file final31.cif (mmCIF, C-alpha atoms)
data_protein
loop_
_atom_site.label_atom_id
_atom_site.label_comp_id
_atom_site.auth_asym_id
_atom_site.auth_seq_id
_atom_site.Cartn_x
_atom_site.Cartn_y
_atom_site.Cartn_z
CA MET J 17 0.00 0.00 0.00
CA THR J 18 1.19 3.51 -0.73
CA ALA J 19 0.19 6.69 1.08
CA GLN J 20 -0.01 10.24 -0.16
CA THR J 21 -0.45 13.16 2.17
CA ARG J 22 -0.59 16.87 1.48
CA THR J 23 -1.27 19.62 3.94
CA ASP J 24 -0.93 22.59 1.61
CA ARG J 25 -3.95 24.69 0.71
CA PRO J 26 -6.25 25.39 -0.95
CA ALA J 27 -6.53 22.03 -2.74
CA PRO J 28 -4.85 19.34 -0.70
CA ILE J 29 -6.75 16.39 -2.16
CA PRO J 30 -4.16 13.90 -3.49
CA GLU J 31 -4.73 13.87 -7.24
CA SER J 32 -4.81 10.13 -7.53
CA TYR J 33 -7.65 9.90 -5.02
CA GLY J 34 -9.83 12.76 -6.25
CA ASP J 35 -12.08 10.40 -8.22
CA ILE J 36 -13.49 9.05 -4.94
CA LEU J 37 -15.10 12.44 -4.32
CA ASP J 38 -17.34 12.04 -7.37
CA LYS J 39 -18.50 8.53 -6.53
CA LYS J 40 -21.65 7.43 -4.73
CA GLY J 41 -19.98 6.14 -1.60
CA PHE J 42 -20.53 6.98 2.00
CA THR J 43 -18.36 9.18 4.14
CA HIS J 44 -18.06 8.30 7.79
CA ILE J 45 -18.18 11.64 9.59
CA ALA J 46 -16.31 11.80 12.89
CA THR J 47 -17.19 14.59 15.33
CA ILE J 48 -16.44 15.08 19.01
CA GLY J 49 -19.25 14.58 21.52
CA PRO J 50 -19.96 16.58 24.69
CA ASN J 51 -18.02 14.08 26.80
CA GLY J 52 -15.03 14.18 24.45
CA VAL J 53 -15.85 10.83 22.88
CA PRO J 54 -15.79 10.75 19.07
CA GLN J 55 -19.05 10.07 17.25
CA SER J 56 -19.00 8.57 13.76
CA THR J 57 -21.78 7.75 11.30
CA PRO J 58 -22.01 7.27 7.52
CA VAL J 59 -23.69 9.84 5.27
CA TRP J 60 -24.08 10.73 1.59
CA TYR J 61 -21.63 13.36 0.34
CA GLY J 62 -21.01 15.82 -2.43
CA TRP J 63 -17.89 17.64 -3.60
CA ASP J 64 -18.05 21.06 -5.26
CA GLY J 65 -14.35 21.55 -5.95
CA THR J 66 -13.75 23.41 -2.70
CA TYR J 67 -15.91 21.80 -0.04
CA LEU J 68 -16.89 18.28 0.91
CA LYS J 69 -20.56 18.66 1.80
CA PHE J 70 -23.17 16.58 3.53
CA SER J 71 -26.68 17.08 4.86
CA THR J 72 -27.96 16.65 8.40
CA THR J 73 -30.79 17.97 10.56
CA LYS J 74 -30.70 20.12 13.67
CA THR J 75 -31.91 17.26 15.86
CA ARG J 76 -28.96 15.00 15.06
CA GLN J 77 -26.07 14.51 17.46
CA LYS J 78 -23.65 15.28 14.65
CA TYR J 79 -25.10 18.77 14.24
CA LYS J 80 -25.03 19.46 17.98
CA ASN J 81 -21.44 18.25 18.19
CA LEU J 82 -20.33 20.45 15.29
CA LEU J 83 -22.05 23.52 16.76
CA ARG J 84 -19.98 23.03 19.91
CA ASN J 85 -16.78 21.88 18.20
CA PRO J 86 -16.50 22.19 14.40
CA LYS J 87 -13.41 19.99 14.09
CA VAL J 88 -14.31 17.08 11.84
CA SER J 89 -12.93 14.15 9.88
CA ALA J 90 -14.49 12.47 6.84
CA SER J 91 -13.36 8.94 5.95
CA ILE J 92 -14.49 7.73 2.52
CA THR J 93 -13.99 4.22 1.21
CA ASP J 94 -14.00 3.85 -2.58
CA PRO J 95 -17.26 1.95 -3.25
CA ASP J 96 -15.54 0.21 -6.17
CA ALA J 97 -12.35 -0.76 -4.32
CA PRO J 98 -12.85 -1.40 -0.61
CA TYR J 99 -9.16 -1.19 0.31
CA ARG J 100 -8.83 2.29 -1.18
CA TYR J 101 -9.85 5.32 0.85
CA LEU J 102 -9.55 9.03 1.28
CA GLU J 103 -9.60 10.87 4.58
CA ILE J 104 -10.30 14.60 4.81
CA ARG J 105 -9.96 16.66 7.96
CA GLY J 106 -11.00 20.23 8.52
CA VAL J 107 -13.32 22.62 10.28
CA ALA J 108 -17.02 22.46 9.47
CA GLU J 109 -19.05 25.44 8.33
CA MET J 110 -22.83 25.10 8.49
CA GLU J 111 -25.69 26.85 6.81
CA ASP J 112 -29.45 26.27 6.57
CA ASP J 113 -30.57 24.21 3.60
CA GLN J 114 -33.20 26.63 2.27
CA ASP J 115 -36.10 24.82 0.58
CA SER J 116 -34.18 21.51 0.95
CA THR J 117 -32.25 22.37 -2.19
CA PHE J 118 -29.12 20.57 -1.07
CA ILE J 119 -30.70 17.39 0.34
CA ASP J 120 -32.66 17.08 -2.90
CA GLU J 121 -29.43 17.47 -4.89
CA MET J 122 -27.77 14.74 -2.82
CA SER J 123 -30.82 12.52 -3.17
CA ARG J 124 -30.83 12.89 -6.95
CA LYS J 125 -27.14 11.92 -6.99
CA TYR J 126 -27.74 8.78 -4.92
CA ILE J 127 -31.26 7.58 -5.67
CA GLY J 128 -32.22 9.56 -8.76
CA LYS J 129 -35.06 11.61 -7.27
CA ASP J 130 -35.80 14.33 -4.72
CA TYR J 131 -35.38 13.27 -1.10
CA PRO J 132 -38.44 11.18 -0.21
CA TRP J 133 -37.95 10.78 3.55
CA SER J 134 -38.40 14.28 4.92
CA ARG J 135 -40.48 14.53 8.06
CA PRO J 136 -42.61 17.48 9.15
CA GLY J 137 -40.46 19.97 11.01
CA ASP J 138 -37.12 18.68 9.70
CA GLU J 139 -34.65 21.55 9.75
CA ARG J 140 -32.03 20.61 7.17
CA VAL J 141 -28.47 21.92 7.38
CA ILE J 142 -25.63 21.87 4.85
CA VAL J 143 -22.32 20.96 6.48
CA LYS J 144 -19.30 22.12 4.46
CA ILE J 145 -15.75 20.93 5.10
CA ARG J 146 -12.86 22.74 3.44
CA PRO J 147 -10.02 20.21 3.52
CA LYS J 148 -7.06 21.24 5.64
CA HIS J 149 -5.53 17.80 5.50
CA ALA J 150 -6.19 14.92 3.15
CA THR J 151 -4.70 11.46 2.90
CA GLY J 152 -5.31 8.75 0.35
CA GLN J 153 -4.36 5.14 0.89
CA GLY J 154 -4.62 1.83 -0.92
CA MET X 2 -35.44 4.44 9.28
CA THR X 3 -35.59 3.29 12.90
CA ALA X 4 -32.94 3.79 15.56
CA GLN X 5 -32.13 1.68 18.56
CA THR X 6 -29.84 2.90 21.29
CA ARG X 7 -28.82 1.26 24.51
CA THR X 8 -26.35 2.54 27.02
CA ASP X 9 -26.61 -0.26 29.61
CA ARG X 10 -23.69 -2.60 30.17
CA PRO X 11 -22.16 -5.06 29.71
CA ALA X 12 -23.72 -5.92 26.33
CA PRO X 13 -25.24 -2.84 24.78
CA ILE X 14 -25.18 -4.02 21.17
CA PRO X 15 -28.74 -3.71 19.79
CA GLU X 16 -29.80 -7.30 19.12
CA SER X 17 -31.08 -6.59 15.64
CA TYR X 18 -27.70 -5.20 14.57
CA GLY X 19 -25.41 -7.79 16.16
CA ASP X 20 -25.08 -9.69 12.87
CA ILE X 21 -22.98 -6.85 11.45
CA LEU X 22 -20.24 -7.72 13.93
CA ASP X 23 -19.71 -11.12 12.33
CA LYS X 24 -19.52 -9.82 8.78
CA LYS X 25 -16.47 -8.93 6.70
CA GLY X 26 -17.07 -5.20 6.55
CA PHE X 27 -14.85 -2.33 7.52
CA THR X 28 -15.10 -0.24 10.64
CA HIS X 29 -14.15 3.41 10.38
CA ILE X 30 -12.21 4.12 13.56
CA ALA X 31 -12.44 7.68 14.85
CA THR X 32 -9.80 8.86 17.31
CA ILE X 33 -8.77 12.32 18.47
CA GLY X 34 -5.53 13.81 17.18
CA PRO X 35 -2.98 15.92 19.06
CA ASN X 36 -4.61 19.14 17.81
CA GLY X 37 -8.08 17.96 18.85
CA VAL X 38 -9.12 17.14 15.29
CA PRO X 39 -10.73 13.73 14.81
CA GLN X 40 -8.91 11.18 12.67
CA SER X 41 -10.85 8.42 10.93
CA THR X 42 -9.76 5.48 8.77
CA PRO X 43 -11.25 2.11 7.80
CA VAL X 44 -9.88 -1.16 9.20
CA TRP X 45 -10.76 -4.86 9.44
CA TYR X 46 -12.46 -5.86 12.67
CA GLY X 47 -13.33 -8.82 14.82
CA TRP X 48 -15.84 -9.34 17.62
CA ASP X 49 -15.25 -11.79 20.47
CA GLY X 50 -18.54 -11.32 22.32
CA THR X 51 -17.11 -8.66 24.63
CA TYR X 52 -14.72 -6.54 22.60
CA LEU X 53 -14.66 -5.08 19.12
CA LYS X 54 -11.04 -5.58 18.08
CA PHE X 55 -8.80 -4.34 15.32
CA SER X 56 -5.12 -4.41 14.50
CA THR X 57 -2.74 -1.52 14.01
CA THR X 58 0.98 -0.83 14.31
CA LYS X 59 2.89 1.46 16.65
CA THR X 60 3.85 3.79 13.81
CA ARG X 61 0.26 4.62 12.86
CA GLN X 62 -1.38 7.90 13.87
CA LYS X 63 -4.34 5.94 15.23
CA TYR X 64 -2.09 4.18 17.75
CA LYS X 65 -0.41 7.40 18.84
CA ASN X 66 -3.79 9.10 19.23
CA LEU X 67 -5.19 6.26 21.34
CA LEU X 68 -2.11 6.21 23.60
CA ARG X 69 -2.76 9.89 24.36
CA ASN X 70 -6.56 9.69 24.41
CA PRO X 71 -8.23 6.26 24.37
CA LYS X 72 -11.73 7.56 23.58
CA VAL X 73 -12.85 6.00 20.32
CA SER X 74 -15.77 5.44 18.00
CA ALA X 75 -16.22 2.62 15.50
CA SER X 76 -18.71 3.11 12.66
CA ILE X 77 -19.53 -0.07 10.71
CA THR X 78 -21.66 -0.18 7.57
CA ASP X 79 -23.29 -3.52 6.79
CA PRO X 80 -21.41 -4.71 3.67
CA ASP X 81 -24.64 -6.34 2.45
CA ALA X 82 -26.92 -3.33 3.07
CA PRO X 83 -25.21 0.04 2.72
CA TYR X 84 -27.91 2.02 4.53
CA ARG X 85 -27.64 -0.13 7.64
CA TYR X 86 -24.96 0.58 10.20
CA LEU X 87 -23.82 0.10 13.74
CA GLU X 88 -21.83 2.60 15.77
CA ILE X 89 -19.91 1.60 18.88
CA ARG X 90 -18.25 4.03 21.26
CA GLY X 91 -15.97 3.27 24.14
CA VAL X 92 -12.49 3.44 25.57
CA ALA X 93 -9.71 1.54 23.84
CA GLU X 94 -7.45 -0.93 25.59
CA MET X 95 -4.29 -1.95 23.75
CA GLU X 96 -1.93 -4.89 23.98
CA ASP X 97 0.96 -6.19 21.91
CA ASP X 98 0.03 -8.72 19.25
CA GLN X 99 2.52 -11.42 20.24
CA ASP X 100 3.71 -13.43 17.23
CA SER X 101 1.15 -11.61 15.03
CA THR X 102 -1.50 -14.03 16.24
CA PHE X 103 -4.30 -11.50 16.01
CA ILE X 104 -3.43 -9.90 12.66
CA ASP X 105 -3.19 -13.41 11.20
CA GLU X 106 -6.61 -14.25 12.65
CA MET X 107 -8.08 -11.11 11.07
CA SER X 108 -6.35 -11.86 7.78
CA ARG X 109 -7.76 -15.39 7.69
CA LYS X 110 -11.24 -13.96 8.30
CA TYR X 111 -10.93 -11.46 5.43
CA ILE X 112 -8.64 -12.99 2.84
CA GLY X 113 -8.40 -16.63 3.87
CA LYS X 114 -4.70 -16.74 4.75
CA ASP X 115 -2.14 -15.39 7.22
CA TYR X 116 -1.36 -11.70 6.84
CA PRO X 117 0.91 -11.34 3.79
CA TRP X 118 1.85 -7.65 4.08
CA SER X 119 3.98 -7.50 7.22
CA ARG X 120 7.10 -5.39 6.97
CA PRO X 121 10.33 -5.89 8.91
CA GLY X 122 10.07 -4.14 12.25
CA ASP X 123 6.26 -3.87 12.29
CA GLU X 124 5.12 -3.78 15.90
CA ARG X 125 1.54 -5.00 15.80
CA VAL X 126 -0.97 -3.98 18.46
CA ILE X 127 -4.44 -5.33 19.28
CA VAL X 128 -6.90 -2.52 19.98
CA LYS X 129 -9.91 -3.66 22.02
CA ILE X 130 -13.06 -1.60 22.47
CA ARG X 131 -15.58 -2.63 25.09
CA PRO X 132 -18.83 -0.95 23.96
CA LYS X 133 -20.14 1.68 26.34
CA HIS X 134 -22.66 2.98 23.83
CA ALA X 135 -23.99 1.38 20.68
CA THR X 136 -26.51 2.54 18.10
CA GLY X 137 -27.92 0.75 15.10
CA GLN X 138 -29.69 2.47 12.27
CA GLY X 139 -31.28 1.63 8.96
#

call {"tool": "encode", "arguments": {"input": "final31.cif", "output": "structure tokens"}}
result
Amino acid sequence: MTAQTRTDRPAPIPESYGDILDKKGFTHIATIGPNGVPQSTPVWYGWDGTYLKFSTTKTRQKYKNLLRNPKVSASITDPDAPYRYLEIRGVAEMEDDQDSTFIDEMSRKYIGKDYPWSRPGDERVIVKIRPKHATGQG
Amino acid sequence: MTAQTRTDRPAPIPESYGDILDKKGFTHIATIGPNGVPQSTPVWYGWDGTYLKFSTTKTRQKYKNLLRNPKVSASITDPDAPYRYLEIRGVAEMEDDQDSTFIDEMSRKYIGKDYPWSRPGDERVIVKIRPKHATGQG
């Protein structure tokens, strides 16, 4: 296995791993909980050339953790090559997902239609991670 | 989607998600780095009924992070159902992997033979997580 790491900005994604960002995999998002214990769960993701983005709601632990401590890591396994992965670390920025525009965009990427599982009162948030560190492996 | 959470000990794994522990998936291990930023990477895992276990070496960032701060989260997607996952949080205990017994056991589980990628000087460690919190979803 070979490893590539870059810490320079603004585009530290190792070139040979950038393809993973366009795939329909899952990223496991690690945040830090109120007791200092990491939390990690898989989510859909999107990449816009600057930010790794994912959707969450204001009731989720992930959102509450990031409000308190925006330090975050995203670990993405290549869905076509399970021993190949990309890890991105950075500081999360969050903004409201007006009219569910972003969750619908993610849903169309993954399941080909607008997001069908919204519940009344869901307050959707876009979480944006600008990579400060990225490592590819495998 | 339904969620099940239990925080009681000593066996907090939600019954309906326990099967994931016996599968050949990957667990994304989240630790906390020296600068307080989470680190997360995928690894093989095993479950012995009490501990979730994985192998690492003493040169890996994950090992150094856990020596400093043993709080850890393991996020495991069901390899047969990508929207189904189990998250386990706890405190890591580590011990030397004498004679590579454990990495060979993991390797036989995943690729059917003893671990073929050892390098001279590798100091293998067994990381053991006793679940203090576990959540299944999907």

call {"tool": "closest_residue", "arguments": {"input": "final31.cif", "among": "J:Ala90, J:Leu83, J:Ile36, J:Ile29", "to": "chain X", "atoms": "all atoms listed in the file"}}
result
J:Ala90

call {"tool": "interface_residues", "arguments": {"input": "final31.cif", "of": "chain X", "to": "chain J", "cutoff": "7 Å", "atoms": "only C-alpha atoms", "output": "ChimeraX atom specification"}}
result
/X:29,31-32,38-42,72-76,88

call {"tool": "atom_distance", "arguments": {"input": "final31.cif", "atom1": "CA of Lys39 in chain J", "atom2": "CA of Tyr61 in chain J"}}
result
9.0 Å

call {"tool": "atom_distance", "arguments": {"input": "final31.cif", "atom1": "CA of Glu94 in chain X", "atom2": "CA of Val128 in chain X"}}
result
5.9 Å

call {"tool": "atom_distance", "arguments": {"input": "final31.cif", "atom1": "CA of Asp100 in chain X", "atom2": "CA of Glu124 in chain X"}}
result
9.8 Å

call {"tool": "residues_around", "arguments": {"input": "final31.cif", "residues": "Glu121 in chain J", "least_positions_apart": "4", "cutoff": "8 Å", "atoms": "only C-alpha atoms", "output": "ChimeraX atom specification"}}
result
/J:117,125,130

call {"tool": "residues_around", "arguments": {"input": "final31.cif", "residues": "range 62-71 of chain J", "least_positions_apart": "5", "cutoff": "7 Å", "atoms": "all atoms listed in the file", "output": "number ranges by chain"}}
result
J: 37-38, 119, 122, 140-146

call {"tool": "closest_residue", "arguments": {"input": "final31.cif", "among": "X:Asp123, X:Thr57, X:Lys65, X:Phe103", "to": "Pro35 in chain X", "atoms": "only C-alpha atoms"}}
result
X:Lys65

call {"tool": "residues_around", "arguments": {"input": "final31.cif", "residues": "Pro132 in chain J", "least_positions_apart": "3", "cutoff": "10 Å", "atoms": "only C-alpha atoms", "output": "PyMOL selection string"}}
result
chain J and resi 119-120+123+127+129+135
